[in-house]
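Structure file input33.cif (mmCIF, C-alpha atoms) follows.
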data_query
#
loop_
_atom_site.label_atom_id
_atom_site.label_comp_id
_atom_site.auth_asym_id
_atom_site.auth_seq_id
_atom_site.Cartn_x
_atom_site.Cartn_y
_atom_site.Cartn_z
CA MET Z 27 37.36 8.65 44.89
CA PRO Z 28 37.35 5.39 42.90
CA ASP Z 29 36.45 2.22 44.73
CA GLN Z 30 39.72 0.58 45.76
CA HIS Z 31 38.14 -2.83 45.29
CA GLU Z 32 36.82 -2.15 41.79
CA PRO Z 33 38.74 -4.20 39.20
CA VAL Z 34 40.99 -2.29 36.85
CA ARG Z 35 39.30 -1.91 33.49
CA GLU Z 36 41.18 -2.86 30.34
CA TYR Z 37 40.51 -1.79 26.79
CA PRO Z 38 42.48 -4.11 24.51
CA THR Z 39 43.50 -2.89 21.09
CA ALA Z 40 45.91 -4.08 18.43
CA LEU Z 41 46.00 -0.58 16.95
CA GLY Z 42 47.88 2.45 18.24
CA ALA Z 43 49.27 2.56 21.77
CA ALA Z 44 51.84 4.87 23.32
CA SER Z 45 54.29 4.63 26.17
CA ARG Z 46 56.83 7.17 27.33
CA GLU Z 47 59.47 5.60 25.08
CA LYS Z 48 57.64 4.65 21.89
CA ILE Z 49 54.43 4.27 19.91
CA THR Z 50 53.26 0.90 18.66
CA LEU Z 51 50.84 0.26 15.82
CA LEU Z 52 49.64 -3.18 14.75
CA GLY Z 53 52.40 -4.73 16.80
CA GLN Z 54 55.05 -2.64 15.03
CA ASP Z 55 57.24 0.18 16.25
CA LEU Z 56 55.58 3.13 14.52
CA ALA Z 57 58.70 5.25 14.15
CA GLU Z 58 61.10 2.49 13.13
CA ASP Z 59 58.98 -0.11 11.34
CA VAL Z 60 56.11 1.85 9.79
CA MET Z 61 57.13 5.43 9.04
CA GLY Z 62 59.02 5.48 5.75
CA GLN Z 63 58.56 1.72 5.39
CA VAL Z 64 54.83 1.27 4.78
CA GLY Z 65 52.80 3.19 2.19
CA PHE Z 66 49.56 4.83 3.27
CA GLY Z 67 47.36 2.56 1.13
CA GLU Z 68 49.02 -0.53 2.54
CA LEU Z 69 48.64 0.86 6.05
CA ALA Z 70 44.93 1.62 5.55
CA PHE Z 71 44.34 -1.98 4.44
CA TRP Z 72 46.40 -3.28 7.36
CA LEU Z 73 44.48 -1.15 9.87
CA ALA Z 74 41.11 -2.38 8.62
CA THR Z 75 42.00 -6.09 8.48
CA GLN Z 76 44.84 -6.30 11.02
CA ARG Z 77 46.78 -8.37 8.52
CA ARG Z 78 49.46 -7.03 6.24
CA PRO Z 79 48.39 -7.21 2.59
CA SER Z 80 50.49 -8.80 -0.11
CA LYS Z 81 52.01 -6.61 -2.81
CA GLY Z 82 49.26 -7.68 -5.20
CA GLU Z 83 46.51 -6.88 -2.72
CA THR Z 84 48.07 -3.50 -2.04
CA ARG Z 85 48.21 -2.75 -5.76
CA VAL Z 86 44.53 -3.59 -6.29
CA PHE Z 87 43.50 -1.70 -3.15
CA GLU Z 88 45.44 1.41 -4.12
CA ALA Z 89 44.02 1.21 -7.66
CA VAL Z 90 40.55 1.35 -6.07
CA LEU Z 91 41.55 4.41 -4.01
CA ALA Z 92 42.86 6.14 -7.12
CA ALA Z 93 39.67 5.29 -9.04
CA LEU Z 94 37.47 6.89 -6.38
CA ALA Z 95 39.58 9.90 -5.38
CA ASP Z 96 38.02 12.50 -7.66
CA HIS Z 97 35.47 12.61 -10.44
CA GLY Z 98 35.17 16.34 -11.17
CA PHE Z 99 32.46 18.73 -10.05
CA THR Z 100 30.27 16.15 -8.40
CA PRO Z 101 27.89 17.25 -5.62
CA THR Z 102 30.47 16.23 -3.00
CA ALA Z 103 33.08 18.50 -4.59
CA ILE Z 104 30.67 21.40 -5.06
CA VAL Z 105 29.40 21.31 -1.48
CA THR Z 106 32.99 21.19 -0.20
CA ARG Z 107 33.87 24.32 -2.17
CA LEU Z 108 30.68 26.12 -1.14
CA THR Z 109 31.12 25.25 2.52
CA TYR Z 110 34.66 26.59 2.38
CA LEU Z 111 33.29 29.77 0.79
CA SER Z 112 30.86 30.13 3.67
CA ALA Z 113 33.31 29.14 6.41
CA PRO Z 114 36.94 29.54 5.26
CA ASP Z 115 37.99 29.14 8.89
CA SER Z 116 36.73 25.53 8.87
CA VAL Z 117 38.62 23.28 6.49
CA GLN Z 118 37.37 20.31 8.49
CA GLY Z 119 33.79 21.50 7.99
CA ALA Z 120 34.26 21.78 4.24
CA LEU Z 121 35.76 18.28 4.01
CA ALA Z 122 33.07 16.85 6.27
CA ALA Z 123 30.33 18.44 4.16
CA GLY Z 124 31.61 16.70 1.06
CA LEU Z 125 32.03 13.35 2.80
CA LEU Z 126 28.53 13.49 4.25
CA GLY Z 127 27.22 13.58 0.69
CA GLY Z 128 28.61 10.12 -0.02
CA GLY Z 129 25.40 8.17 -0.46
CA SER Z 130 23.41 5.95 -2.78
CA ARG Z 131 24.04 8.09 -5.88
CA PHE Z 132 27.67 9.11 -5.34
CA LEU Z 133 30.33 6.99 -3.60
CA GLY Z 134 27.84 4.77 -1.78
CA VAL Z 135 27.48 2.62 -4.89
CA THR Z 136 30.80 1.01 -3.95
CA GLU Z 137 29.31 -0.46 -0.79
CA ASP Z 138 25.91 -1.13 -2.35
CA CYS Z 139 27.42 -3.14 -5.20
CA GLY Z 140 29.80 -5.10 -2.98
CA ARG Z 141 26.98 -6.08 -0.62
CA PHE Z 142 24.59 -6.85 -3.49
CA LEU Z 143 27.05 -9.23 -5.12
CA HIS Z 144 28.03 -10.87 -1.84
CA GLU Z 145 24.43 -11.58 -0.87
CA ARG Z 146 23.85 -13.32 -4.22
CA LEU Z 147 26.92 -15.50 -4.39
CA PRO Z 148 25.91 -19.17 -4.54
CA ASP Z 149 27.15 -21.62 -1.92
CA ARG Z 150 28.90 -23.52 -4.68
CA LEU Z 151 30.78 -21.28 -7.09
CA PRO Z 152 30.56 -21.98 -10.84
CA ALA Z 153 33.52 -23.58 -12.54
CA ASP Z 154 33.30 -21.62 -15.78
CA GLU Z 155 31.98 -18.47 -17.43
CA SER Z 156 28.73 -20.06 -18.57
CA GLY Z 157 27.93 -20.99 -14.98
CA TRP Z 158 28.45 -17.41 -13.84
CA ASP Z 159 26.30 -16.16 -16.73
CA GLU Z 160 23.44 -18.43 -15.68
CA ILE Z 161 23.49 -17.04 -12.14
CA ALA Z 162 23.81 -13.47 -13.37
CA LEU Z 163 20.89 -13.89 -15.74
CA GLN Z 164 18.64 -15.00 -12.90
CA ILE Z 165 19.77 -12.06 -10.76
CA VAL Z 166 19.09 -9.48 -13.46
CA ARG Z 167 15.69 -11.01 -14.19
CA GLU Z 168 14.74 -10.90 -10.53
CA GLN Z 169 15.79 -7.26 -10.25
CA ARG Z 170 13.83 -6.40 -13.40
CA GLU Z 171 10.69 -8.13 -12.16
CA ALA Z 172 11.00 -6.33 -8.82
CA LYS Z 173 11.58 -3.02 -10.65
CA ARG Z 174 14.89 -2.53 -8.89
CA PHE Z 175 18.20 -1.41 -10.31
CA VAL Z 176 21.32 -3.55 -10.24
CA PRO Z 177 23.90 -1.55 -8.23
CA GLY Z 178 26.91 -0.62 -10.32
CA LEU Z 179 25.14 -1.04 -13.66
CA GLY Z 180 25.01 2.15 -15.74
CA HIS Z 181 26.72 5.54 -15.64
CA HIS Z 182 25.40 9.02 -16.43
CA VAL Z 183 28.58 10.04 -18.30
CA HIS Z 184 30.49 6.92 -19.39
CA LYS Z 185 27.66 5.40 -21.39
CA ASP Z 186 30.02 3.51 -23.70
CA GLY Z 187 32.13 2.03 -20.93
CA ASP Z 188 33.77 3.29 -17.75
CA PRO Z 189 37.57 3.35 -18.27
CA ARG Z 190 38.13 2.61 -14.58
CA THR Z 191 36.29 -0.69 -14.87
CA ARG Z 192 38.44 -2.01 -17.69
CA ARG Z 193 41.65 -1.02 -15.95
CA LEU Z 194 40.73 -2.41 -12.53
CA TYR Z 195 39.81 -5.77 -14.04
CA ALA Z 196 43.17 -5.81 -15.83
CA ILE Z 197 45.08 -5.10 -12.61
CA ALA Z 198 43.13 -7.73 -10.67
CA ARG Z 199 43.85 -10.30 -13.39
CA GLU Z 200 47.56 -9.41 -13.40
CA GLU Z 201 47.68 -9.99 -9.63
CA ASP Z 202 45.52 -13.16 -9.80
CA LEU Z 203 42.93 -11.49 -7.58
CA VAL Z 204 39.77 -11.83 -9.65
CA GLY Z 205 37.51 -13.47 -7.09
CA PRO Z 206 33.83 -14.42 -7.07
CA HIS Z 207 32.52 -10.86 -6.67
CA LEU Z 208 34.37 -9.63 -9.75
CA GLU Z 209 33.38 -12.78 -11.63
CA LEU Z 210 29.70 -12.25 -10.88
CA PHE Z 211 29.87 -8.55 -11.71
CA ALA Z 212 31.51 -9.32 -15.07
CA ALA Z 213 28.79 -11.88 -15.79
CA ILE Z 214 26.11 -9.27 -15.06
CA GLY Z 215 27.83 -7.05 -17.59
CA ARG Z 216 27.69 -9.81 -20.19
CA VAL Z 217 24.09 -10.97 -19.76
CA HIS Z 218 22.02 -7.95 -18.76
CA PRO Z 219 21.25 -6.87 -22.37
CA GLN Z 220 19.27 -10.10 -22.78
CA VAL Z 221 16.89 -8.91 -20.04
CA LEU Z 222 16.99 -5.13 -20.31
CA GLY Z 223 17.12 -4.90 -24.09
CA ARG Z 224 20.00 -2.41 -23.96
CA THR Z 225 23.64 -2.38 -22.96
CA LEU Z 226 24.74 -0.47 -19.86
CA PRO Z 227 28.31 -0.06 -18.64
CA LEU Z 228 29.63 -1.54 -15.42
CA ASN Z 229 30.56 1.63 -13.57
CA GLY Z 230 33.79 2.28 -11.73
CA ALA Z 231 32.24 2.63 -8.28
CA GLY Z 232 30.58 -0.76 -8.67
CA VAL Z 233 33.70 -2.59 -9.81
CA CYS Z 234 35.56 -1.00 -6.90
CA GLY Z 235 33.02 -2.53 -4.53
CA ALA Z 236 33.46 -5.94 -6.16
CA ALA Z 237 37.26 -5.68 -5.95
CA LEU Z 238 37.20 -4.62 -2.29
CA ALA Z 239 34.88 -7.51 -1.44
CA ASP Z 240 37.22 -9.93 -3.23
CA LEU Z 241 40.08 -8.60 -1.12
CA GLY Z 242 38.20 -9.78 1.96
CA LEU Z 243 37.63 -6.32 3.38
CA PRO Z 244 34.67 -5.88 5.75
CA LEU Z 245 31.49 -5.27 3.76
CA GLU Z 246 30.30 -2.87 6.46
CA LEU Z 247 33.30 -0.63 5.74
CA LEU Z 248 33.27 -0.56 1.94
CA ARG Z 249 31.77 2.93 1.89
CA GLY Z 250 34.46 3.97 4.35
CA PHE Z 251 37.16 3.12 1.83
CA ALA Z 252 35.34 5.16 -0.81
CA LEU Z 253 35.28 8.07 1.63
CA LEU Z 254 38.96 7.58 2.39
CA ALA Z 255 39.72 7.93 -1.31
CA ARG Z 256 37.41 10.89 -1.77
CA THR Z 257 39.03 12.72 1.16
CA ALA Z 258 42.19 13.05 -0.92
CA GLY Z 259 40.10 14.29 -3.84
CA LEU Z 260 38.30 16.87 -1.71
CA ILE Z 261 41.61 18.16 -0.35
CA GLY Z 262 42.59 18.61 -4.00
CA GLN Z 263 39.33 20.46 -4.65
CA LEU Z 264 40.06 22.82 -1.76
CA ALA Z 265 43.66 23.33 -2.88
CA GLU Z 266 42.42 24.32 -6.34
CA GLU Z 267 39.72 26.52 -4.82
CA LEU Z 268 42.45 28.45 -2.99
CA ARG Z 269 44.33 29.09 -6.24
CA HIS Z 270 41.44 29.39 -8.69
CA PRO Z 271 38.22 29.99 -6.75
CA VAL Z 272 34.89 29.13 -8.39
CA GLY Z 273 32.76 28.68 -5.28
CA ASN Z 274 31.51 32.25 -5.32
CA ASP Z 275 30.62 31.98 -9.02
CA ILE Z 276 28.60 28.83 -8.31
CA PHE Z 277 26.81 30.59 -5.47
CA LEU Z 278 26.05 33.72 -7.50
CA SER Z 279 24.90 31.73 -10.53
CA VAL Z 280 22.07 30.42 -8.36
CA ASP Z 281 21.47 33.48 -6.17
CA LEU Z 282 21.31 35.96 -9.05
CA HIS Z 283 19.03 33.78 -11.12
CA ASN Z 284 16.40 32.83 -8.59
CA ARG Z 285 12.82 33.34 -9.74
CA PRO Z 286 10.06 34.11 -7.25
CA VAL Z 287 6.98 31.93 -7.64
CA ASP Z 288 3.73 31.53 -5.73
CA PRO Z 289 3.80 29.23 -2.69
CA ASP Z 290 3.08 25.58 -3.41
CA PRO Z 291 1.61 24.24 -0.15
CA TYR Z 292 2.42 20.69 0.83
CA ARG Z 293 -0.48 18.31 0.42
CA PRO Z 294 -0.20 14.84 1.98
CA SER Z 295 -0.90 12.13 -0.58
#

Give the structure from the file, written as structure tokens.
Amino acid sequence: MPDQHEPVREYPTALGAASREKITLLGQDLAEDVMGQVGFGELAFWLATQRRPSKGETRVFEAVLAALADHGFTPTAIVTRLTYLSAPDSVQGALAAGLLGGGSRFLGVTEDCGRFLHERLPDRLPADESGWDEIALQIVREQREAKRFVPGLGHHVHKDGDPRTRRLYAIAREEDLVGPHLELFAAIGRVHPQVLGRTLPLNGAGVCGAALADLGLPLELLRGFALLARTAGLIGQLAEELRHPVGNDIFLSVDLHNRPVDPDPYRPS
């Protein structure tokens, strides 16, 4: 039996709560004020920040989600299809398998780039493009000297320019939402050839991280928004797998072409 003198515990939340009569969400009546009134992208932003975004913020945010939803037969898509092949009774397992692969090479770049830019923003922001270029040049030089990559710089396919980057900058400009993170990222794109001796594209995942940071979204959750977008893409991958399965072909292409070799014992360096 609970102690009658123990104080009643409370767990405050501004998110979902239910009574016998209704459900509230973010201070709104879910059935009357949210359902059919608020788009899912807008709601996702609202849930994360607990403030309702403007139309411009919603447009930029949803453009980011669209940019990250699907990018073909990436490892996250392949593992989702293969997991479904192995366990067709576990759609949630297949989706989770793909999402768990969101790391430093795929999807995680969104968070990595946003954090990288944020940590290098000066206390006093430059007033013009040349000021941003000066800061960016120092950043790229420091990364080069430390033999570290600049997150968001380069792409294994879009070597002549990522089409998502160009479009997202255009949308942010149209909505007057190009903030310091996007400014610094653009400057890195302009100056890095001076240091690296070659021109690399600003990739879509990186510009998404810069845009999300400029929207004021929590840096700790930037990868979460990339995973939110990719969830829709992975559902699409599974829907296509149901109609036109390729998972078994991928499996057999490896299984039927394995080549036995002698053991290669591990030797600590």

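The residue that comes closest to Thr225 (chain Z), out of Z:Ala255, Z:Glu32, Z:Ser295, Z:Gly187 and on the basis of all atoms listed in the file, is Z:Gly187.
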
Residue IDs satisfying the PyMOL selection byres ((chain Z and resi 142-153) around 8), as a VMD selection string: chain Z and resid 138 to 141 154 to 155 157 to 158 165 177 206 to 207 210 to 211 236 239

Any chance you could resolve the PyMOL selection byres ((chain Z and resi 41-43) around 12) against this file and give the residues as a PyMOL selection string? chain Z and resi 37-40+44-57+60+69-70+72-77

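Picked by the PyMOL selection byres ((chain Z and resi 68) around 10) from the coordinates shown: Val64, Gly65, Phe66, Gly67, Leu69, Ala70, Phe71, Trp72, Leu73, Arg78, Pro79, Ser80, Lys81, Glu83, Thr84, Arg85, Phe87 and Glu88 of chain Z.
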
Writing out the chosen residues with C-alpha atoms as a short mmCIF file (atom, residue, chain, number, x, y, z; two decimals), in the coordinates of the input:
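See selection_11.cif below for the written result:
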data_model
loop_
_atom_site.label_atom_id
_atom_site.label_comp_id
_atom_site.auth_asym_id
_atom_site.auth_seq_id
_atom_site.Cartn_x
_atom_site.Cartn_y
_atom_site.Cartn_z
CA VAL Z 64 54.83 1.27 4.78
CA GLY Z 65 52.80 3.19 2.19
CA PHE Z 66 49.56 4.83 3.27
CA GLY Z 67 47.36 2.56 1.13
CA LEU Z 69 48.64 0.86 6.05
CA ALA Z 70 44.93 1.62 5.55
CA PHE Z 71 44.34 -1.98 4.44
CA TRP Z 72 46.40 -3.28 7.36
CA LEU Z 73 44.48 -1.15 9.87
CA ARG Z 78 49.46 -7.03 6.24
CA PRO Z 79 48.39 -7.21 2.59
CA SER Z 80 50.49 -8.80 -0.11
CA LYS Z 81 52.01 -6.61 -2.81
CA GLU Z 83 46.51 -6.88 -2.72
CA THR Z 84 48.07 -3.50 -2.04
CA ARG Z 85 48.21 -2.75 -5.76
CA PHE Z 87 43.50 -1.70 -3.15
CA GLU Z 88 45.44 1.41 -4.12
#

Next item on the list: Between Z:Leu179, Z:Leu125, Z:Leu253, Z:Ala213, single out the one closest to Ala162 (chain Z), counting only C-alpha atoms.
Entry: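 Residue with the minimum atom-to-atom distance to Ala162 (chain Z): Z:Ala213.
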
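Excluding region 266-270 of chain Z itself and same-chain residues fewer than 4 positions from it, the residues having an atom within 9 Å of it are Arg107, Tyr110, Ile261 and Gly262 of chain Z, counting all atoms listed in the file.
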
Shortest contact to Arg199 (chain Z), candidates Z:Cys234, Z:Leu228, Z:Val86, Z:Met61, atoms counted all atoms listed in the file, goes to Z:Val86

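With distances restricted to only C-alpha atoms, Z:Gly230 is the closest residue to His97 (chain Z) from Z:Gly82, Z:Gly230, Z:Gly235, Z:Gly119.
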
Here CA of Arg167 (chain Z) and CA of Asn229 (chain Z) stand apart by 19.5 Å

Judged by all atoms listed in the file, the minimum distance to Gln118 (chain Z) among Z:Leu222, Z:Val272, Z:Thr106, Z:Pro289 is found for Z:Thr106

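In this structure, CA of Leu260 (chain Z) sits 27.3 Å away from CA of His283 (chain Z).
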
request  = Place a sphere of radius 10 Å on (33.9, 2.6, 3.7) in the file coordinates and name every protein, DNA or RNA residue with an atom inside or on its surface, counting all atoms listed in the file; give the answer as a PyMOL selection string.
outcome  = chain Z and resi 128+133-134+136-137+235+238+243-255

Go through Z:Gly205, Z:Pro227, Z:Pro189, Z:Pro219 and flag the residue nearest Asp240 (chain Z), using only C-alpha atoms for the distances.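 Counting only C-alpha atoms, the residue closest to Asp240 (chain Z) is Z:Gly205.
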
* To do: Pick out the residues sitting within 10 Å of Asn274 (chain Z), and hand them over as a list of chain:residue names; count only C-alpha atoms, and ignore anything fewer than 6 positions along from it in its own chain.
  =>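 Surrounding residues, per the criterion: Z:Arg107, Z:Leu108, Z:Leu111, Z:Ser112.
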
Export C-alpha atoms of the chosen residues as a PDB file, keeping the file's coordinate frame?
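The file below, part_21.pdb, is the result:
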ATOM      1  CA  ARG Z 107      33.870  24.320  -2.170  1.00  0.00           C
ATOM      2  CA  LEU Z 108      30.680  26.120  -1.140  1.00  0.00           C
ATOM      3  CA  LEU Z 111      33.290  29.770   0.790  1.00  0.00           C
ATOM      4  CA  SER Z 112      30.860  30.130   3.670  1.00  0.00           C
TER       5      SER Z 112
END

Could you give me region 147-158 of chain Z completed to all heavy atoms, formatted as a PDB file, in the coordinates of the input?
ATOM      1  N   LEU Z 147      25.975 -14.449  -4.032  1.00  0.00           N
ATOM      2  CA  LEU Z 147      26.920 -15.500  -4.390  1.00  0.00           C
ATOM      3  C   LEU Z 147      26.345 -16.856  -3.998  1.00  0.00           C
ATOM      4  O   LEU Z 147      25.829 -17.024  -2.893  1.00  0.00           O
ATOM      5  CB  LEU Z 147      28.255 -15.296  -3.672  1.00  0.00           C
ATOM      6  CG  LEU Z 147      29.150 -14.153  -4.154  1.00  0.00           C
ATOM      7  CD1 LEU Z 147      30.393 -14.081  -3.287  1.00  0.00           C
ATOM      8  CD2 LEU Z 147      29.517 -14.321  -5.619  1.00  0.00           C
ATOM      9  N   PRO Z 148      26.420 -17.837  -4.884  1.00  0.00           N
ATOM     10  CA  PRO Z 148      25.910 -19.170  -4.540  1.00  0.00           C
ATOM     11  C   PRO Z 148      26.846 -19.875  -3.564  1.00  0.00           C
ATOM     12  O   PRO Z 148      28.029 -19.533  -3.440  1.00  0.00           O
ATOM     13  CB  PRO Z 148      25.895 -19.882  -5.896  1.00  0.00           C
ATOM     14  CG  PRO Z 148      26.995 -19.223  -6.665  1.00  0.00           C
ATOM     15  CD  PRO Z 148      26.977 -17.782  -6.249  1.00  0.00           C
ATOM     16  N   ASP Z 149      26.324 -20.850  -2.854  1.00  0.00           N
ATOM     17  CA  ASP Z 149      27.150 -21.620  -1.920  1.00  0.00           C
ATOM     18  C   ASP Z 149      28.260 -22.358  -2.662  1.00  0.00           C
ATOM     19  O   ASP Z 149      29.376 -22.490  -2.165  1.00  0.00           O
ATOM     20  CB  ASP Z 149      26.282 -22.617  -1.146  1.00  0.00           C
ATOM     21  CG  ASP Z 149      25.287 -21.917  -0.219  1.00  0.00           C
ATOM     22  OD1 ASP Z 149      25.597 -20.798   0.221  1.00  0.00           O
ATOM     23  OD2 ASP Z 149      24.231 -22.492   0.050  1.00  0.00           O
ATOM     24  N   ARG Z 150      27.917 -22.820  -3.857  1.00  0.00           N
ATOM     25  CA  ARG Z 150      28.900 -23.520  -4.680  1.00  0.00           C
ATOM     26  C   ARG Z 150      29.204 -22.663  -5.904  1.00  0.00           C
ATOM     27  O   ARG Z 150      28.327 -22.412  -6.734  1.00  0.00           O
ATOM     28  CB  ARG Z 150      28.362 -24.884  -5.108  1.00  0.00           C
ATOM     29  CG  ARG Z 150      29.377 -25.757  -5.812  1.00  0.00           C
ATOM     30  CD  ARG Z 150      28.841 -27.153  -5.996  1.00  0.00           C
ATOM     31  NE  ARG Z 150      29.826 -28.031  -6.624  1.00  0.00           N
ATOM     32  CZ  ARG Z 150      29.644 -29.326  -6.816  1.00  0.00           C
ATOM     33  NH1 ARG Z 150      28.516 -29.889  -6.419  1.00  0.00           N
ATOM     34  NH2 ARG Z 150      30.593 -30.046  -7.394  1.00  0.00           N
ATOM     35  N   LEU Z 151      30.431 -22.204  -6.016  1.00  0.00           N
ATOM     36  CA  LEU Z 151      30.780 -21.280  -7.090  1.00  0.00           C
ATOM     37  C   LEU Z 151      30.901 -21.997  -8.421  1.00  0.00           C
ATOM     38  O   LEU Z 151      31.394 -23.126  -8.484  1.00  0.00           O
ATOM     39  CB  LEU Z 151      32.109 -20.573  -6.762  1.00  0.00           C
ATOM     40  CG  LEU Z 151      32.135 -19.756  -5.464  1.00  0.00           C
ATOM     41  CD1 LEU Z 151      33.506 -19.128  -5.274  1.00  0.00           C
ATOM     42  CD2 LEU Z 151      31.046 -18.696  -5.446  1.00  0.00           C
ATOM     43  N   PRO Z 152      30.457 -21.369  -9.497  1.00  0.00           N
ATOM     44  CA  PRO Z 152      30.560 -21.980 -10.840  1.00  0.00           C
ATOM     45  C   PRO Z 152      32.008 -22.231 -11.231  1.00  0.00           C
ATOM     46  O   PRO Z 152      32.927 -21.533 -10.783  1.00  0.00           O
ATOM     47  CB  PRO Z 152      29.915 -20.929 -11.753  1.00  0.00           C
ATOM     48  CG  PRO Z 152      29.062 -20.109 -10.854  1.00  0.00           C
ATOM     49  CD  PRO Z 152      29.761 -20.077  -9.529  1.00  0.00           C
ATOM     50  N   ALA Z 153      32.169 -23.212 -12.108  1.00  0.00           N
ATOM     51  CA  ALA Z 153      33.520 -23.580 -12.540  1.00  0.00           C
ATOM     52  C   ALA Z 153      33.931 -22.866 -13.811  1.00  0.00           C
ATOM     53  O   ALA Z 153      35.111 -22.863 -14.169  1.00  0.00           O
ATOM     54  CB  ALA Z 153      33.600 -25.096 -12.759  1.00  0.00           C
ATOM     55  N   ASP Z 154      32.957 -22.259 -14.515  1.00  0.00           N
ATOM     56  CA  ASP Z 154      33.300 -21.620 -15.780  1.00  0.00           C
ATOM     57  C   ASP Z 154      32.393 -20.408 -16.024  1.00  0.00           C
ATOM     58  O   ASP Z 154      31.471 -20.113 -15.261  1.00  0.00           O
ATOM     59  CB  ASP Z 154      33.193 -22.598 -16.942  1.00  0.00           C
ATOM     60  CG  ASP Z 154      31.828 -23.288 -17.011  1.00  0.00           C
ATOM     61  OD1 ASP Z 154      30.835 -22.697 -16.550  1.00  0.00           O
ATOM     62  OD2 ASP Z 154      31.764 -24.418 -17.530  1.00  0.00           O
ATOM     63  N   GLU Z 155      32.681 -19.708 -17.106  1.00  0.00           N
ATOM     64  CA  GLU Z 155      31.980 -18.470 -17.430  1.00  0.00           C
ATOM     65  C   GLU Z 155      30.483 -18.703 -17.661  1.00  0.00           C
ATOM     66  O   GLU Z 155      29.652 -17.891 -17.246  1.00  0.00           O
ATOM     67  CB  GLU Z 155      32.613 -17.846 -18.672  1.00  0.00           C
ATOM     68  CG  GLU Z 155      32.124 -16.455 -18.991  1.00  0.00           C
ATOM     69  CD  GLU Z 155      32.916 -15.820 -20.122  1.00  0.00           C
ATOM     70  OE1 GLU Z 155      34.052 -15.356 -19.867  1.00  0.00           O
ATOM     71  OE2 GLU Z 155      32.387 -15.801 -21.259  1.00  0.00           O
ATOM     72  N   SER Z 156      30.141 -19.803 -18.307  1.00  0.00           N
ATOM     73  CA  SER Z 156      28.730 -20.060 -18.570  1.00  0.00           C
ATOM     74  C   SER Z 156      27.951 -20.245 -17.277  1.00  0.00           C
ATOM     75  O   SER Z 156      26.781 -19.857 -17.183  1.00  0.00           O
ATOM     76  CB  SER Z 156      28.575 -21.292 -19.469  1.00  0.00           C
ATOM     77  OG  SER Z 156      29.070 -22.455 -18.823  1.00  0.00           O
ATOM     78  N   GLY Z 157      28.587 -20.836 -16.283  1.00  0.00           N
ATOM     79  CA  GLY Z 157      27.930 -20.990 -14.980  1.00  0.00           C
ATOM     80  C   GLY Z 157      27.660 -19.661 -14.321  1.00  0.00           C
ATOM     81  O   GLY Z 157      26.583 -19.436 -13.745  1.00  0.00           O
ATOM     82  N   TRP Z 158      28.642 -18.758 -14.388  1.00  0.00           N
ATOM     83  CA  TRP Z 158      28.450 -17.410 -13.840  1.00  0.00           C
ATOM     84  C   TRP Z 158      27.350 -16.674 -14.602  1.00  0.00           C
ATOM     85  O   TRP Z 158      26.524 -15.976 -14.010  1.00  0.00           O
ATOM     86  CB  TRP Z 158      29.751 -16.625 -13.902  1.00  0.00           C
ATOM     87  CG  TRP Z 158      30.749 -16.995 -12.857  1.00  0.00           C
ATOM     88  CD1 TRP Z 158      31.946 -17.626 -13.036  1.00  0.00           C
ATOM     89  CD2 TRP Z 158      30.629 -16.765 -11.442  1.00  0.00           C
ATOM     90  NE1 TRP Z 158      32.579 -17.802 -11.830  1.00  0.00           N
ATOM     91  CE2 TRP Z 158      31.800 -17.272 -10.842  1.00  0.00           C
ATOM     92  CE3 TRP Z 158      29.656 -16.174 -10.640  1.00  0.00           C
ATOM     93  CZ2 TRP Z 158      32.014 -17.214  -9.456  1.00  0.00           C
ATOM     94  CZ3 TRP Z 158      29.863 -16.114  -9.261  1.00  0.00           C
ATOM     95  CH2 TRP Z 158      31.024 -16.632  -8.689  1.00  0.00           C
TER      96      TRP Z 158
END
